[in-house]
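**Student:** The following file, model09.txt, comprises compact mmCIF, N, CA and C atoms:
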# COMPACT_ATOMS: atom_id res chain seq x y z
N MET A 1 3.59 -6.06 -37.29
CA MET A 1 2.46 -5.44 -36.62
C MET A 1 2.34 -4.01 -37.16
N SER A 2 1.15 -3.66 -37.60
CA SER A 2 0.94 -2.32 -38.13
C SER A 2 0.89 -1.31 -36.99
N GLN A 3 1.13 -0.06 -37.37
CA GLN A 3 1.14 1.00 -36.36
C GLN A 3 -0.24 1.14 -35.71
N SER A 4 -1.31 1.01 -36.48
CA SER A 4 -2.65 1.14 -35.90
C SER A 4 -2.96 0.00 -34.94
N HIS A 5 -2.46 -1.21 -35.27
CA HIS A 5 -2.65 -2.34 -34.35
C HIS A 5 -1.87 -2.12 -33.05
N ALA A 6 -0.65 -1.61 -33.19
CA ALA A 6 0.18 -1.33 -32.01
C ALA A 6 -0.48 -0.26 -31.14
N GLU A 7 -1.01 0.78 -31.76
CA GLU A 7 -1.68 1.84 -31.01
C GLU A 7 -2.91 1.31 -30.29
N GLU A 8 -3.65 0.42 -30.94
CA GLU A 8 -4.83 -0.19 -30.33
C GLU A 8 -4.43 -1.05 -29.13
N GLU A 9 -3.38 -1.82 -29.31
CA GLU A 9 -2.90 -2.68 -28.23
C GLU A 9 -2.41 -1.83 -27.05
N LEU A 10 -1.68 -0.75 -27.34
CA LEU A 10 -1.22 0.14 -26.28
C LEU A 10 -2.38 0.79 -25.55
N ALA A 11 -3.41 1.18 -26.28
CA ALA A 11 -4.58 1.80 -25.65
C ALA A 11 -5.25 0.82 -24.69
N GLU A 12 -5.36 -0.44 -25.09
CA GLU A 12 -5.96 -1.46 -24.22
C GLU A 12 -5.10 -1.67 -22.97
N LEU A 13 -3.80 -1.76 -23.15
CA LEU A 13 -2.91 -1.96 -22.01
C LEU A 13 -2.95 -0.76 -21.07
N ARG A 14 -3.00 0.43 -21.62
CA ARG A 14 -3.07 1.63 -20.78
C ARG A 14 -4.38 1.70 -20.02
N GLU A 15 -5.45 1.23 -20.64
CA GLU A 15 -6.74 1.18 -19.95
C GLU A 15 -6.66 0.20 -18.78
N GLU A 16 -6.00 -0.93 -19.00
CA GLU A 16 -5.83 -1.90 -17.92
C GLU A 16 -5.00 -1.30 -16.78
N ILE A 17 -3.94 -0.57 -17.11
CA ILE A 17 -3.13 0.09 -16.09
C ILE A 17 -3.98 1.10 -15.32
N GLU A 18 -4.83 1.83 -16.03
CA GLU A 18 -5.70 2.81 -15.37
C GLU A 18 -6.61 2.13 -14.35
N GLU A 19 -7.17 0.97 -14.72
CA GLU A 19 -8.02 0.21 -13.79
C GLU A 19 -7.22 -0.27 -12.59
N ILE A 20 -6.01 -0.74 -12.83
CA ILE A 20 -5.15 -1.21 -11.73
C ILE A 20 -4.81 -0.05 -10.81
N ASP A 21 -4.48 1.10 -11.38
CA ASP A 21 -4.17 2.28 -10.57
C ASP A 21 -5.35 2.65 -9.68
N HIS A 22 -6.55 2.57 -10.23
CA HIS A 22 -7.77 2.85 -9.45
C HIS A 22 -7.86 1.88 -8.28
N ASP A 23 -7.62 0.60 -8.56
CA ASP A 23 -7.69 -0.42 -7.51
C ASP A 23 -6.63 -0.17 -6.42
N ILE A 24 -5.44 0.23 -6.84
CA ILE A 24 -4.37 0.51 -5.87
C ILE A 24 -4.79 1.65 -4.94
N VAL A 25 -5.33 2.71 -5.53
CA VAL A 25 -5.76 3.85 -4.70
C VAL A 25 -6.89 3.43 -3.77
N GLU A 26 -7.81 2.62 -4.25
CA GLU A 26 -8.90 2.14 -3.40
C GLU A 26 -8.35 1.32 -2.23
N LEU A 27 -7.37 0.47 -2.50
CA LEU A 27 -6.78 -0.34 -1.44
C LEU A 27 -6.01 0.53 -0.44
N ILE A 28 -5.32 1.56 -0.92
CA ILE A 28 -4.64 2.48 -0.01
C ILE A 28 -5.65 3.17 0.88
N ALA A 29 -6.79 3.58 0.30
CA ALA A 29 -7.84 4.23 1.09
C ALA A 29 -8.37 3.27 2.15
N ARG A 30 -8.59 2.02 1.79
CA ARG A 30 -9.07 1.03 2.77
C ARG A 30 -8.05 0.82 3.87
N ARG A 31 -6.78 0.72 3.49
CA ARG A 31 -5.71 0.51 4.47
C ARG A 31 -5.62 1.70 5.42
N THR A 32 -5.75 2.90 4.86
CA THR A 32 -5.70 4.11 5.68
C THR A 32 -6.85 4.16 6.66
N TYR A 33 -8.04 3.76 6.21
CA TYR A 33 -9.21 3.73 7.10
C TYR A 33 -8.97 2.78 8.26
N VAL A 34 -8.47 1.60 7.98
CA VAL A 34 -8.20 0.62 9.05
C VAL A 34 -7.09 1.13 9.96
N ALA A 35 -6.06 1.74 9.38
CA ALA A 35 -4.98 2.29 10.20
C ALA A 35 -5.50 3.39 11.12
N ASP A 36 -6.45 4.18 10.62
CA ASP A 36 -7.08 5.21 11.47
C ASP A 36 -7.82 4.56 12.63
N SER A 37 -8.47 3.43 12.37
CA SER A 37 -9.16 2.70 13.43
C SER A 37 -8.17 2.17 14.46
N VAL A 38 -7.03 1.69 13.99
CA VAL A 38 -5.97 1.25 14.90
C VAL A 38 -5.52 2.42 15.76
N ALA A 39 -5.36 3.58 15.15
CA ALA A 39 -4.93 4.77 15.89
C ALA A 39 -5.94 5.15 16.96
N GLN A 40 -7.23 5.01 16.66
CA GLN A 40 -8.26 5.31 17.65
C GLN A 40 -8.17 4.38 18.85
N VAL A 41 -7.97 3.10 18.58
CA VAL A 41 -7.84 2.12 19.67
C VAL A 41 -6.61 2.45 20.51
N LYS A 42 -5.50 2.77 19.84
CA LYS A 42 -4.28 3.13 20.58
C LYS A 42 -4.52 4.35 21.45
N ALA A 43 -5.20 5.36 20.90
CA ALA A 43 -5.45 6.58 21.67
C ALA A 43 -6.37 6.31 22.85
N GLU A 44 -7.40 5.51 22.64
CA GLU A 44 -8.35 5.18 23.72
C GLU A 44 -7.68 4.45 24.88
N HIS A 45 -6.68 3.66 24.56
CA HIS A 45 -6.01 2.85 25.58
C HIS A 45 -4.62 3.39 25.93
N ASP A 46 -4.35 4.61 25.49
CA ASP A 46 -3.09 5.28 25.77
C ASP A 46 -1.88 4.42 25.40
N LEU A 47 -1.95 3.81 24.22
CA LEU A 47 -0.85 2.99 23.71
C LEU A 47 0.03 3.85 22.82
N PRO A 48 1.31 3.51 22.71
CA PRO A 48 2.21 4.32 21.87
C PRO A 48 1.82 4.25 20.39
N THR A 49 2.10 5.35 19.70
CA THR A 49 1.81 5.41 18.27
C THR A 49 2.63 4.39 17.51
N THR A 50 3.89 4.26 17.87
CA THR A 50 4.81 3.39 17.15
C THR A 50 4.89 2.03 17.82
N ASP A 51 4.79 0.98 17.01
CA ASP A 51 4.95 -0.40 17.47
C ASP A 51 5.93 -1.07 16.51
N GLU A 52 7.20 -0.98 16.86
CA GLU A 52 8.24 -1.45 15.95
C GLU A 52 8.14 -2.94 15.64
N SER A 53 7.70 -3.74 16.61
CA SER A 53 7.59 -5.18 16.33
C SER A 53 6.49 -5.43 15.29
N GLN A 54 5.39 -4.67 15.36
CA GLN A 54 4.33 -4.81 14.36
C GLN A 54 4.80 -4.30 12.99
N GLU A 55 5.57 -3.23 13.00
CA GLU A 55 6.12 -2.73 11.74
C GLU A 55 7.02 -3.77 11.10
N ASP A 56 7.82 -4.46 11.91
CA ASP A 56 8.68 -5.52 11.39
C ASP A 56 7.86 -6.64 10.77
N VAL A 57 6.75 -7.00 11.42
CA VAL A 57 5.86 -8.04 10.89
C VAL A 57 5.32 -7.61 9.53
N VAL A 58 4.87 -6.36 9.44
CA VAL A 58 4.31 -5.84 8.18
C VAL A 58 5.38 -5.86 7.08
N MET A 59 6.59 -5.43 7.41
CA MET A 59 7.66 -5.39 6.42
C MET A 59 8.06 -6.79 5.98
N ASP A 60 8.13 -7.73 6.91
CA ASP A 60 8.45 -9.11 6.56
C ASP A 60 7.38 -9.68 5.64
N ARG A 61 6.11 -9.42 5.97
CA ARG A 61 5.00 -9.91 5.16
C ARG A 61 5.05 -9.29 3.77
N ALA A 62 5.37 -8.01 3.69
CA ALA A 62 5.47 -7.33 2.39
C ALA A 62 6.56 -7.97 1.54
N GLY A 63 7.70 -8.27 2.16
CA GLY A 63 8.79 -8.92 1.44
C GLY A 63 8.41 -10.30 0.95
N GLU A 64 7.73 -11.07 1.80
CA GLU A 64 7.29 -12.41 1.42
C GLU A 64 6.29 -12.35 0.27
N ASN A 65 5.35 -11.41 0.35
CA ASN A 65 4.37 -11.27 -0.74
C ASN A 65 5.04 -10.84 -2.03
N ALA A 66 6.03 -9.97 -1.93
CA ALA A 66 6.76 -9.54 -3.13
C ALA A 66 7.43 -10.73 -3.79
N GLU A 67 8.07 -11.57 -2.99
CA GLU A 67 8.73 -12.75 -3.54
C GLU A 67 7.72 -13.71 -4.16
N ARG A 68 6.58 -13.88 -3.50
CA ARG A 68 5.56 -14.78 -4.01
C ARG A 68 5.03 -14.33 -5.38
N PHE A 69 4.91 -13.00 -5.55
CA PHE A 69 4.39 -12.46 -6.81
C PHE A 69 5.51 -12.04 -7.77
N GLU A 70 6.76 -12.38 -7.39
CA GLU A 70 7.93 -12.09 -8.22
C GLU A 70 8.04 -10.61 -8.56
N VAL A 71 7.90 -9.79 -7.50
CA VAL A 71 8.05 -8.34 -7.62
C VAL A 71 9.26 -7.96 -6.79
N ASP A 72 9.96 -6.91 -7.19
CA ASP A 72 11.14 -6.46 -6.47
C ASP A 72 10.81 -6.19 -5.01
N SER A 73 11.42 -6.94 -4.12
CA SER A 73 11.16 -6.85 -2.69
C SER A 73 11.52 -5.47 -2.14
N ASN A 74 12.61 -4.90 -2.62
CA ASN A 74 13.01 -3.58 -2.13
C ASN A 74 11.98 -2.52 -2.50
N LEU A 75 11.43 -2.60 -3.69
CA LEU A 75 10.40 -1.66 -4.12
C LEU A 75 9.16 -1.78 -3.25
N VAL A 76 8.71 -3.01 -3.04
CA VAL A 76 7.51 -3.24 -2.23
C VAL A 76 7.73 -2.76 -0.80
N LYS A 77 8.88 -3.07 -0.23
CA LYS A 77 9.17 -2.64 1.13
C LYS A 77 9.24 -1.12 1.22
N ALA A 78 9.77 -0.47 0.21
CA ALA A 78 9.82 1.00 0.20
C ALA A 78 8.42 1.58 0.20
N ILE A 79 7.53 0.99 -0.56
CA ILE A 79 6.14 1.46 -0.61
C ILE A 79 5.48 1.28 0.76
N PHE A 80 5.69 0.12 1.36
CA PHE A 80 5.09 -0.13 2.67
C PHE A 80 5.70 0.76 3.75
N ARG A 81 6.99 1.03 3.67
CA ARG A 81 7.62 1.93 4.63
C ARG A 81 6.96 3.30 4.53
N LEU A 82 6.71 3.76 3.31
CA LEU A 82 6.05 5.05 3.11
C LEU A 82 4.63 5.03 3.68
N LEU A 83 3.88 3.97 3.43
CA LEU A 83 2.53 3.86 3.98
C LEU A 83 2.55 3.90 5.50
N ILE A 84 3.47 3.16 6.10
CA ILE A 84 3.57 3.12 7.56
C ILE A 84 3.92 4.51 8.10
N GLU A 85 4.88 5.18 7.49
CA GLU A 85 5.28 6.50 7.95
C GLU A 85 4.14 7.50 7.83
N LEU A 86 3.40 7.45 6.74
CA LEU A 86 2.25 8.35 6.57
C LEU A 86 1.20 8.09 7.64
N ASN A 87 0.95 6.81 7.94
CA ASN A 87 -0.02 6.48 8.99
C ASN A 87 0.44 6.98 10.35
N LYS A 88 1.73 6.88 10.63
CA LYS A 88 2.26 7.35 11.92
C LYS A 88 2.13 8.87 12.04
N VAL A 89 2.38 9.57 10.96
CA VAL A 89 2.23 11.03 10.97
C VAL A 89 0.77 11.39 11.27
N GLU A 90 -0.15 10.71 10.60
CA GLU A 90 -1.58 10.98 10.83
C GLU A 90 -1.96 10.66 12.27
N GLN A 91 -1.42 9.57 12.82
CA GLN A 91 -1.73 9.20 14.20
C GLN A 91 -1.22 10.26 15.17
N ARG A 92 -0.01 10.74 14.95
CA ARG A 92 0.55 11.75 15.84
C ARG A 92 -0.24 13.06 15.75
N GLU A 93 -0.65 13.43 14.55
CA GLU A 93 -1.39 14.68 14.37
C GLU A 93 -2.79 14.62 14.98
N SER A 94 -3.35 13.41 15.04
CA SER A 94 -4.72 13.28 15.56
C SER A 94 -4.77 13.23 17.09
N ARG A 95 -3.63 13.07 17.73
CA ARG A 95 -3.59 12.99 19.19
C ARG A 95 -3.58 14.35 19.83
Using structure tokens, write down the structure from this file.

**Tutor:**
Amino acid sequence: MSQSHAEEELAELREEIEEIDHDIVELIARRTYVADSVAQVKAEHDLPTTDESQEDVVMDRAGENAERFEVDSNLVKAIFRLLIELNKVEQRESR
């Protein structure tokens, strides 16, 4: 493989990664919007910010999805733990 062909192939792959990164950020934004809606419902009904049983469900689902897509389950769970913690911080600050 020539160097110019390799550089062209790398450019295409990097462009694909850029598109995927955009999609990931868009999905995080959508998830955050829905989590904000959940926070509003909790606040309106004076429900606690933290729901550990629901967090467990989310983490179990994340692990199952990671296995289904053959992605490191620990990595996926770490990302979801971060998303959950960020949502909880936002919920507490908005109350």

**Student:** Which residue gives the smallest distance to A:Thr49 among A:Arg31, A:Arg14, A:Lys88, A:Arg68, with all atoms listed in the file counted?

**Tutor:**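 Among A:Arg31, A:Arg14, A:Lys88, A:Arg68, it is A:Lys88 that comes nearest to A:Thr49.
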
**Student:** Find the residue from A:Ala39, A:Val34, A:Ala29, A:Met59 that sits nearest to A:Arg92; use all atoms listed in the file when measuring.

**Tutor:**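 When distances to A:Arg92 are compared using all atoms listed in the file, the smallest one comes from A:Ala39.
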
**Student:** Residues near A:Leu47, anyone? I mean within 12 Å using only C-alpha atoms, not counting same-chain ones fewer than 3 positions away, as number ranges by chain.

**Tutor:** A: 38-44, 50-51, 91-92, 95

**Student:** Just to be explicit: take each residue in the selection above, keep N, CA and C atoms, and write the result as a compact mmCIF listing (two decimals), keeping the file's coordinate frame.

**Tutor:**
# COMPACT_ATOMS: atom_id res chain seq x y z
N VAL A 38 -7.03 1.69 13.99
CA VAL A 38 -5.97 1.25 14.90
C VAL A 38 -5.52 2.42 15.76
N ALA A 39 -5.36 3.58 15.15
CA ALA A 39 -4.93 4.77 15.89
C ALA A 39 -5.94 5.15 16.96
N GLN A 40 -7.23 5.01 16.66
CA GLN A 40 -8.26 5.31 17.65
C GLN A 40 -8.17 4.38 18.85
N VAL A 41 -7.97 3.10 18.58
CA VAL A 41 -7.84 2.12 19.67
C VAL A 41 -6.61 2.45 20.51
N LYS A 42 -5.50 2.77 19.84
CA LYS A 42 -4.28 3.13 20.58
C LYS A 42 -4.52 4.35 21.45
N ALA A 43 -5.20 5.36 20.90
CA ALA A 43 -5.45 6.58 21.67
C ALA A 43 -6.37 6.31 22.85
N GLU A 44 -7.40 5.51 22.64
CA GLU A 44 -8.35 5.18 23.72
C GLU A 44 -7.68 4.45 24.88
N THR A 50 3.89 4.26 17.87
CA THR A 50 4.81 3.39 17.15
C THR A 50 4.89 2.03 17.82
N ASP A 51 4.79 0.98 17.01
CA ASP A 51 4.95 -0.40 17.47
C ASP A 51 5.93 -1.07 16.51
N GLN A 91 -1.42 9.57 12.82
CA GLN A 91 -1.73 9.20 14.20
C GLN A 91 -1.22 10.26 15.17
N ARG A 92 -0.01 10.74 14.95
CA ARG A 92 0.55 11.75 15.84
C ARG A 92 -0.24 13.06 15.75
N ARG A 95 -3.63 13.07 17.73
CA ARG A 95 -3.59 12.99 19.19
C ARG A 95 -3.58 14.35 19.83

**Student:** Work out how far atom CA of A:His22 is from atom CA of A:Gln3, in Å to one decimal.

**Tutor:**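 Separation between atom CA of A:Gln3 and atom CA of A:His22: 28.4 Å.
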
**Student:** Calculated over all atoms listed in the file, which of the candidates A:Lys77, A:His5, A:Arg30, A:His45 has the smallest distance to A:Asp60?

**Tutor:**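 Checking each of A:Lys77, A:His5, A:Arg30, A:His45 against A:Asp60, counting all atoms listed in the file, the winner is A:Lys77.
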
**Student:** Pick the closest to A:Asn87 from A:Asp36, A:Glu52, A:Glu67, A:Glu18: which is it, counting all atoms listed in the file?

**Tutor:**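 That would be A:Asp36, the residue with the smallest distance to A:Asn87.
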
**Student:** Around (7.7, -3.4, -1.9), as given in the file, which residues come within 12 Å? Count only C-alpha atoms and list them as a ChimeraX atom specification.

**Tutor:** /A:58-83

**Student:** Please report the interatomic distance between atom CA of A:Ile84 and atom CA of A:Glu55 in Å with one decimal.

**Tutor:**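 Atom CA of A:Glu55 lies at a distance of 7.6 Å from atom CA of A:Ile84.
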
**Student:** Using Å and a single decimal, report how far atom C of A:Ile28 sits from atom CA of A:Ala11.

**Tutor:**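 The value is 26.6 Å.
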